[in-house]
Amino acid sequence: MAKTLSQFFILFLVTQSLQAELYTLRVGSGHPAGATVYSTAMRDFLVPELKRRVEERTEHELRIIEGYAGSIASVAETLEAVQIGILDIGGFCTCFEPAKMFLHNFQYFVPFGPQDAQLSIRIGRQVYDQHPWLDTVMVENYNQTIIALGGFDNYHLGTVEPWDSIDDLQGVKIAGAGPNLPWLEFAGVVPVQSALPDGYMAMSTGVYSGWLMYPSSYFSYKYHEPAPNYTLIGFGAMGGAAVITMNHNSFQRLPIEIQDIITEVGRDYELWASELLDERQSQGLRDLQNSGAFVRTLSEEARRGWAESLVDFPNSMAQEANSRGLPGSEVLNTYITLINESGYQFPVSYTIQ
């Protein structure tokens with residue numbers, strides 16, 4: 001017997017209800033959105049774009065639970081939180097995983113690189129594309145895939161006390177994220193591993209007396225209040241030093257059309273975040289100057305001397321990676337070559353064996 005129109009309509013509704021699904025994802029980072037650019041880009045671009053594009057282009061819907069500033073996982077816990085599924089998508093700095101993600105810190109191993117984030121992140125993406133190992137090792141060892149690269153704007157040095165020459169920094173305790181602390185060896189400082197949320201109180205109470213930090217966060221975390229002396233050195237923007245990863249099981253359970261959207265939004269995030277980084281870098285410098293901080297530029301002579309002291313650092317890090325069974329020489333050679341080809345000129349020439 002032929003089906004009536006009402007029966008066809010009921011069948012259509014049942015079919016649609018079976019196909020359309022509401023998927024819930026937990027997204028977060030240890031750093032706060034607003035103060036830290038890569039987290040801000042997660043909140044203001046990644047999350048709304050994922051929801052919008054899924055709603056517009058599929059029958060499905062995303063419900064996203066967000067947790068920044070360590071409300072779900074701290075800066076040093078995010079990789080593990082994504083690995084076990086506490087977070088479906090997490091953002092973090094590779095600098096907080098010096099053992100598990102040693103070679104993913106390749107940008108930190110080549111100081112005095114590109115000064116703007118857009119070029120730095122673009123080159124970071126090229127390195128990832130030419131070395132798929134950087135992605136596959138995350139899936140195989142930590143059950144997550146890198147869906148987007150973020151980063152940080154140009155690193156400079158803020159201190160509690162003013163200094164005139166590099167000799168004045170001898171014995172001064174300076175904090176940093178970890179892989180960038182060797183940059184300070186030339187100045188004879190005492191390096192201290194720390195994290196952004198701890199810096200204000202630590203410098204206020206004398207635990208240490210300065211921070212290696214980019215302008216966007218130096219101002220937004222109010223570091224200029226306990227440490228108002230900000231010296232522009234130009235250690236470089238770190239494109240790819242922040243990563244957005246997704247639990248591999250969470251990714252695989254989604255329909256292919258949503259997987260494709262996540263990949264697409266991830267690539268778009270890189271452009272959006274890099275532009276925001278450069279904007280926030282310029283704004284951060286203006287804000288520091290307007291707030292009464294003492295902003296000055298290190299002389300070219302002193303900067304070159306600092307760079308010459310680190311001329312062997314990239315190769316030593318490449319060899320350390322090689323000794324761990326990682327493709328250190330290949331990755332760092334690619335990174336340096338791409339920077340040279342971009343037209344940017346290092347103050348010294350780095351050679352990787």
# chains A, B, ... in the order shown; residues from 1 in each chain; ligands from 1
>>> select_by_dssp(residues="region 141-211 of chain A", states="helix (DSSP H, G or I)", output="list in words")
Asn141, Tyr142, Ile166, Asp167, Asp168, Leu169, Leu181, Pro182, Trp183, Leu184, Glu185, Phe186, Ala187, Leu196, Pro197, Asp198, Gly199, Tyr200, Met201, Ala202, Met203 and Ser204 of chain A
>>> closest_atom_pairs(of="region 148-257 of chain A", to="region 50-71 of chain A", cutoff="12 Å", atoms="only C-alpha atoms", output="Markdown table")
| residue | atom | partner | partner_atom | distance |
| --- | --- | --- | --- | --- |
| A:Leu196 | CA | A:Ala69 | CA | 10.7 |
| A:Pro197 | CA | A:Ala69 | CA | 8.7 |
| A:Leu254 | CA | A:His60 | CA | 10.1 |
| A:Pro255 | CA | A:His60 | CA | 9.1 |
| A:Ile256 | CA | A:Thr58 | CA | 10.4 |
| A:Glu257 | CA | A:Thr58 | CA | 7.2 |
>>> residues_around(residues="region 332-334 of chain A", least_positions_apart="2", cutoff="7 Å", atoms="only C-alpha atoms", output="list in words")
Phe106, Val127, Ala318, Gly328, Ser329, Glu330, Ile336, Thr337, Leu338 and Ile352 of chain A
>>> write_last_selection(atoms="C-alpha atoms", output="PDB file, in the first residue's frame")
ATOM      1  CA  PHE A 106      62.362  24.591  18.210  1.00  0.00           C
ATOM      2  CA  VAL A 127      57.926  23.570   9.557  1.00  0.00           C
ATOM      3  CA  ALA A 318      69.701  20.153  17.659  1.00  0.00           C
ATOM      4  CA  GLY A 328      66.581  17.777  15.741  1.00  0.00           C
ATOM      5  CA  SER A 329      68.979  18.680  12.942  1.00  0.00           C
ATOM      6  CA  GLU A 330      66.304  18.271  10.284  1.00  0.00           C
ATOM      7  CA  ILE A 336      66.465  28.468   9.927  1.00  0.00           C
ATOM      8  CA  THR A 337      66.359  27.986   6.150  1.00  0.00           C
ATOM      9  CA  LEU A 338      62.739  29.147   5.949  1.00  0.00           C
ATOM     10  CA  ILE A 352      73.265  23.132  12.254  1.00  0.00           C
TER      11      ILE A 352
END
>>> select_by_dssp(residues="region 206-239 of chain A", states="strand (DSSP E)", output="list in words")
Gly210, Trp211, Leu212, Met213, Asn229, Tyr230, Thr231, Leu232, Ile233, Gly234, Phe235, Gly236, Ala237, Met238 and Gly239 of chain A
>>> residues_around(residues="Trp163 (chain A)", least_positions_apart="6", cutoff="10 Å", atoms="only C-alpha atoms", output="short mmCIF file (atom, residue, chain, number, x, y, z; two decimals) with N, CA and C atoms, in the first residue's frame")
data_model
loop_
_atom_site.label_atom_id
_atom_site.label_comp_id
_atom_site.auth_asym_id
_atom_site.auth_seq_id
_atom_site.Cartn_x
_atom_site.Cartn_y
_atom_site.Cartn_z
N LEU A 169 73.59 42.99 35.06
CA LEU A 169 72.65 41.88 35.26
C LEU A 169 73.30 40.66 35.91
N ASN A 229 61.05 48.67 34.42
CA ASN A 229 62.13 48.89 33.46
C ASN A 229 62.06 47.83 32.36
N THR A 231 63.31 46.70 28.64
CA THR A 231 64.35 46.90 27.63
C THR A 231 64.03 46.09 26.38
#
>>> residues_around(residues="His156 (chain A)", least_positions_apart="6", cutoff="8 Å", atoms="only C-alpha atoms", output="list of chain:residue names")
A:Leu212, A:Met213, A:Tyr214, A:Pro215, A:Tyr230, A:Thr231, A:Leu232, A:Ile233, A:Gly234, A:Phe235
>>> closest_residue(among="A:Ser216, A:Phe251, A:Gln193, A:Asp44", to="Leu25 (chain A)", atoms="only C-alpha atoms")
A:Phe251
>>> closest_residue(among="A:Gly30, A:Pro48, A:Pro162, A:Gly91", to="Val75 (chain A)", atoms="only C-alpha atoms")
A:Gly30
>>> residues_around(residues="region 284-294 of chain A", least_positions_apart="6", cutoff="12 Å", atoms="only C-alpha atoms", output="short mmCIF file (atom, residue, chain, number, x, y, z; two decimals) with C-alpha atoms, in the first residue's frame")
data_model
loop_
_atom_site.label_atom_id
_atom_site.label_comp_id
_atom_site.auth_asym_id
_atom_site.auth_seq_id
_atom_site.Cartn_x
_atom_site.Cartn_y
_atom_site.Cartn_z
CA ALA A 35 45.46 38.67 29.26
CA THR A 36 47.05 35.98 27.07
CA VAL A 37 46.57 36.23 23.32
CA ASP A 153 54.91 38.24 20.37
CA ASN A 154 58.48 39.54 20.49
CA TYR A 155 60.39 38.72 23.68
CA HIS A 156 62.13 41.50 25.59
CA LEU A 157 63.39 41.91 29.17
CA GLY A 158 61.63 43.62 32.06
CA THR A 159 63.38 44.23 35.37
CA VAL A 160 62.69 45.67 38.79
CA GLU A 161 65.86 47.74 38.79
CA PRO A 162 67.25 49.76 35.87
CA TRP A 163 70.49 48.62 34.25
CA MET A 213 58.38 38.61 28.43
CA TYR A 214 56.61 39.95 25.35
CA PRO A 215 54.78 43.31 25.53
CA SER A 216 51.20 42.00 25.22
CA SER A 217 51.40 40.03 28.47
CA TYR A 218 53.94 42.21 30.27
CA PHE A 219 51.35 44.97 30.38
CA SER A 220 48.20 42.87 30.71
CA TYR A 221 49.64 40.99 33.71
CA LYS A 222 50.68 44.38 35.18
CA TYR A 223 54.31 43.36 35.46
CA HIS A 224 55.28 46.99 34.89
CA GLU A 225 54.08 47.82 38.38
CA PRO A 226 56.72 45.82 40.30
CA ALA A 227 59.21 45.84 37.37
CA PRO A 228 58.87 49.12 35.43
CA ASN A 229 62.13 48.89 33.46
CA TYR A 230 61.44 47.33 30.05
CA THR A 231 64.35 46.90 27.63
CA LEU A 232 63.63 46.11 23.98
CA LEU A 276 45.99 39.78 17.05
CA LEU A 277 49.46 39.12 18.47
CA ASP A 278 51.02 41.87 16.37
#
>>> closest_residue(among="A:Arg304, A:Arg43, A:His248, A:His131", to="Val27 (chain A)", atoms="only C-alpha atoms")
A:Arg43
>>> closest_residue(among="A:Ser274, A:Thr297, A:Asn322, A:Asn143", to="Ile123 (chain A)", atoms="only C-alpha atoms")
A:Ser274
>>> decode(residues="region 222-265 of chain A", atoms="N, CA and C atoms", output="mmCIF file, in the first residue's frame")
data_model
loop_
_atom_site.group_PDB
_atom_site.id
_atom_site.type_symbol
_atom_site.label_atom_id
_atom_site.label_comp_id
_atom_site.auth_asym_id
_atom_site.auth_seq_id
_atom_site.Cartn_x
_atom_site.Cartn_y
_atom_site.Cartn_z
ATOM 1 N N LYS A 222 50.267 43.269 34.309
ATOM 2 C CA LYS A 222 50.675 44.379 35.178
ATOM 3 C C LYS A 222 52.083 44.200 35.751
ATOM 4 N N TYR A 223 52.935 43.539 35.002
ATOM 5 C CA TYR A 223 54.308 43.359 35.463
ATOM 6 C C TYR A 223 55.054 44.690 35.588
ATOM 7 N N HIS A 224 54.597 45.689 34.846
ATOM 8 C CA HIS A 224 55.276 46.989 34.889
ATOM 9 C C HIS A 224 55.130 47.671 36.239
ATOM 10 N N GLU A 225 54.221 47.207 37.062
ATOM 11 C CA GLU A 225 54.075 47.820 38.382
ATOM 12 C C GLU A 225 55.228 47.437 39.312
ATOM 13 N N PRO A 226 55.542 46.139 39.482
ATOM 14 C CA PRO A 226 56.723 45.824 40.302
ATOM 15 C C PRO A 226 58.037 45.940 39.528
ATOM 16 N N ALA A 227 57.990 45.839 38.186
ATOM 17 C CA ALA A 227 59.209 45.842 37.375
ATOM 18 C C ALA A 227 59.028 46.812 36.203
ATOM 19 N N PRO A 228 59.212 48.113 36.438
ATOM 20 C CA PRO A 228 58.865 49.123 35.426
ATOM 21 C C PRO A 228 59.916 49.348 34.350
ATOM 22 N N ASN A 229 61.048 48.665 34.418
ATOM 23 C CA ASN A 229 62.126 48.891 33.461
ATOM 24 C C ASN A 229 62.062 47.830 32.361
ATOM 25 N N TYR A 230 61.677 48.264 31.158
ATOM 26 C CA TYR A 230 61.444 47.335 30.055
ATOM 27 C C TYR A 230 62.410 47.653 28.918
ATOM 28 N N THR A 231 63.313 46.703 28.641
ATOM 29 C CA THR A 231 64.346 46.900 27.628
ATOM 30 C C THR A 231 64.031 46.088 26.381
ATOM 31 N N LEU A 232 63.934 46.760 25.249
ATOM 32 C CA LEU A 232 63.632 46.107 23.979
ATOM 33 C C LEU A 232 64.914 45.467 23.439
ATOM 34 N N ILE A 233 64.920 44.136 23.439
ATOM 35 C CA ILE A 233 66.084 43.376 22.974
ATOM 36 C C ILE A 233 65.788 42.665 21.665
ATOM 37 N N GLY A 234 64.564 42.181 21.503
ATOM 38 C CA GLY A 234 64.177 41.533 20.254
ATOM 39 C C GLY A 234 64.685 40.116 20.126
ATOM 40 N N PHE A 235 64.407 39.291 21.136
ATOM 41 C CA PHE A 235 64.771 37.875 21.045
ATOM 42 C C PHE A 235 63.914 37.153 20.004
ATOM 43 N N GLY A 236 62.805 37.775 19.607
ATOM 44 C CA GLY A 236 61.982 37.205 18.552
ATOM 45 C C GLY A 236 60.605 36.767 19.007
ATOM 46 N N ALA A 237 59.665 36.762 18.066
ATOM 47 C CA ALA A 237 58.334 36.194 18.301
ATOM 48 C C ALA A 237 58.437 34.677 18.167
ATOM 49 N N MET A 238 57.652 33.971 18.965
ATOM 50 C CA MET A 238 57.711 32.511 18.975
ATOM 51 C C MET A 238 56.456 31.942 18.314
ATOM 52 N N GLY A 239 56.503 31.775 16.994
ATOM 53 C CA GLY A 239 55.364 31.269 16.249
ATOM 54 C C GLY A 239 55.260 29.758 16.340
ATOM 55 N N GLY A 240 54.212 29.272 16.972
ATOM 56 C CA GLY A 240 54.030 27.840 17.151
ATOM 57 C C GLY A 240 54.381 27.371 18.544
ATOM 58 N N ALA A 241 54.885 28.277 19.390
ATOM 59 C CA ALA A 241 55.230 27.884 20.760
ATOM 60 C C ALA A 241 53.991 27.668 21.617
ATOM 61 N N ALA A 242 52.862 28.178 21.174
ATOM 62 C CA ALA A 242 51.574 27.825 21.780
ATOM 63 C C ALA A 242 50.845 26.923 20.790
ATOM 64 N N VAL A 243 50.263 25.866 21.289
ATOM 65 C CA VAL A 243 49.552 24.926 20.418
ATOM 66 C C VAL A 243 48.148 24.698 20.950
ATOM 67 N N ILE A 244 47.228 24.446 20.026
ATOM 68 C CA ILE A 244 45.867 24.044 20.367
ATOM 69 C C ILE A 244 45.739 22.582 19.954
ATOM 70 N N THR A 245 45.502 21.715 20.908
ATOM 71 C CA THR A 245 45.425 20.283 20.609
ATOM 72 C C THR A 245 44.033 19.750 20.932
ATOM 73 N N MET A 246 43.712 18.612 20.306
ATOM 74 C CA MET A 246 42.416 17.987 20.547
ATOM 75 C C MET A 246 42.600 16.507 20.828
ATOM 76 N N ASN A 247 41.911 16.037 21.845
ATOM 77 C CA ASN A 247 41.925 14.617 22.179
ATOM 78 C C ASN A 247 41.575 13.795 20.936
ATOM 79 N N HIS A 248 42.411 12.820 20.619
ATOM 80 C CA HIS A 248 42.243 12.086 19.371
ATOM 81 C C HIS A 248 40.937 11.292 19.358
ATOM 82 N N ASN A 249 40.564 10.721 20.488
ATOM 83 C CA ASN A 249 39.308 9.970 20.555
ATOM 84 C C ASN A 249 38.109 10.904 20.350
ATOM 85 N N SER A 250 38.168 12.081 20.962
ATOM 86 C CA SER A 250 37.085 13.057 20.795
ATOM 87 C C SER A 250 36.951 13.469 19.335
ATOM 88 N N PHE A 251 38.103 13.648 18.681
ATOM 89 C CA PHE A 251 38.094 14.048 17.272
ATOM 90 C C PHE A 251 37.497 12.941 16.403
ATOM 91 N N GLN A 252 37.894 11.704 16.655
ATOM 92 C CA GLN A 252 37.465 10.586 15.820
ATOM 93 C C GLN A 252 35.983 10.258 15.973
ATOM 94 N N ARG A 253 35.397 10.575 17.117
ATOM 95 C CA ARG A 253 33.978 10.245 17.316
ATOM 96 C C ARG A 253 33.043 11.213 16.611
ATOM 97 N N LEU A 254 33.584 12.320 16.133
ATOM 98 C CA LEU A 254 32.753 13.321 15.462
ATOM 99 C C LEU A 254 32.526 12.945 14.004
ATOM 100 N N PRO A 255 31.415 13.346 13.421
ATOM 101 C CA PRO A 255 31.184 13.119 11.986
ATOM 102 C C PRO A 255 32.288 13.780 11.163
ATOM 103 N N ILE A 256 32.561 13.226 9.999
ATOM 104 C CA ILE A 256 33.653 13.705 9.167
ATOM 105 C C ILE A 256 33.487 15.172 8.818
ATOM 106 N N GLU A 257 32.240 15.618 8.641
ATOM 107 C CA GLU A 257 32.044 17.020 8.262
ATOM 108 C C GLU A 257 32.432 17.967 9.398
ATOM 109 N N ILE A 258 32.251 17.527 10.650
ATOM 110 C CA ILE A 258 32.688 18.350 11.784
ATOM 111 C C ILE A 258 34.201 18.290 11.930
ATOM 112 N N GLN A 259 34.783 17.119 11.696
ATOM 113 C CA GLN A 259 36.241 17.011 11.706
ATOM 114 C C GLN A 259 36.861 17.982 10.707
ATOM 115 N N ASP A 260 36.283 18.037 9.524
ATOM 116 C CA ASP A 260 36.801 18.942 8.489
ATOM 117 C C ASP A 260 36.696 20.406 8.927
ATOM 118 N N ILE A 261 35.607 20.740 9.592
ATOM 119 C CA ILE A 261 35.424 22.114 10.066
ATOM 120 C C ILE A 261 36.455 22.452 11.140
ATOM 121 N N ILE A 262 36.711 21.509 12.039
ATOM 122 C CA ILE A 262 37.716 21.743 13.081
ATOM 123 C C ILE A 262 39.084 22.000 12.464
ATOM 124 N N THR A 263 39.449 21.200 11.474
ATOM 125 C CA THR A 263 40.733 21.399 10.789
ATOM 126 C C THR A 263 40.778 22.756 10.101
ATOM 127 N N GLU A 264 39.701 23.116 9.445
ATOM 128 C CA GLU A 264 39.622 24.397 8.739
ATOM 129 C C GLU A 264 39.709 25.571 9.705
ATOM 130 N N VAL A 265 38.939 25.514 10.786
ATOM 131 C CA VAL A 265 38.959 26.606 11.765
ATOM 132 C C VAL A 265 40.337 26.705 12.412
#
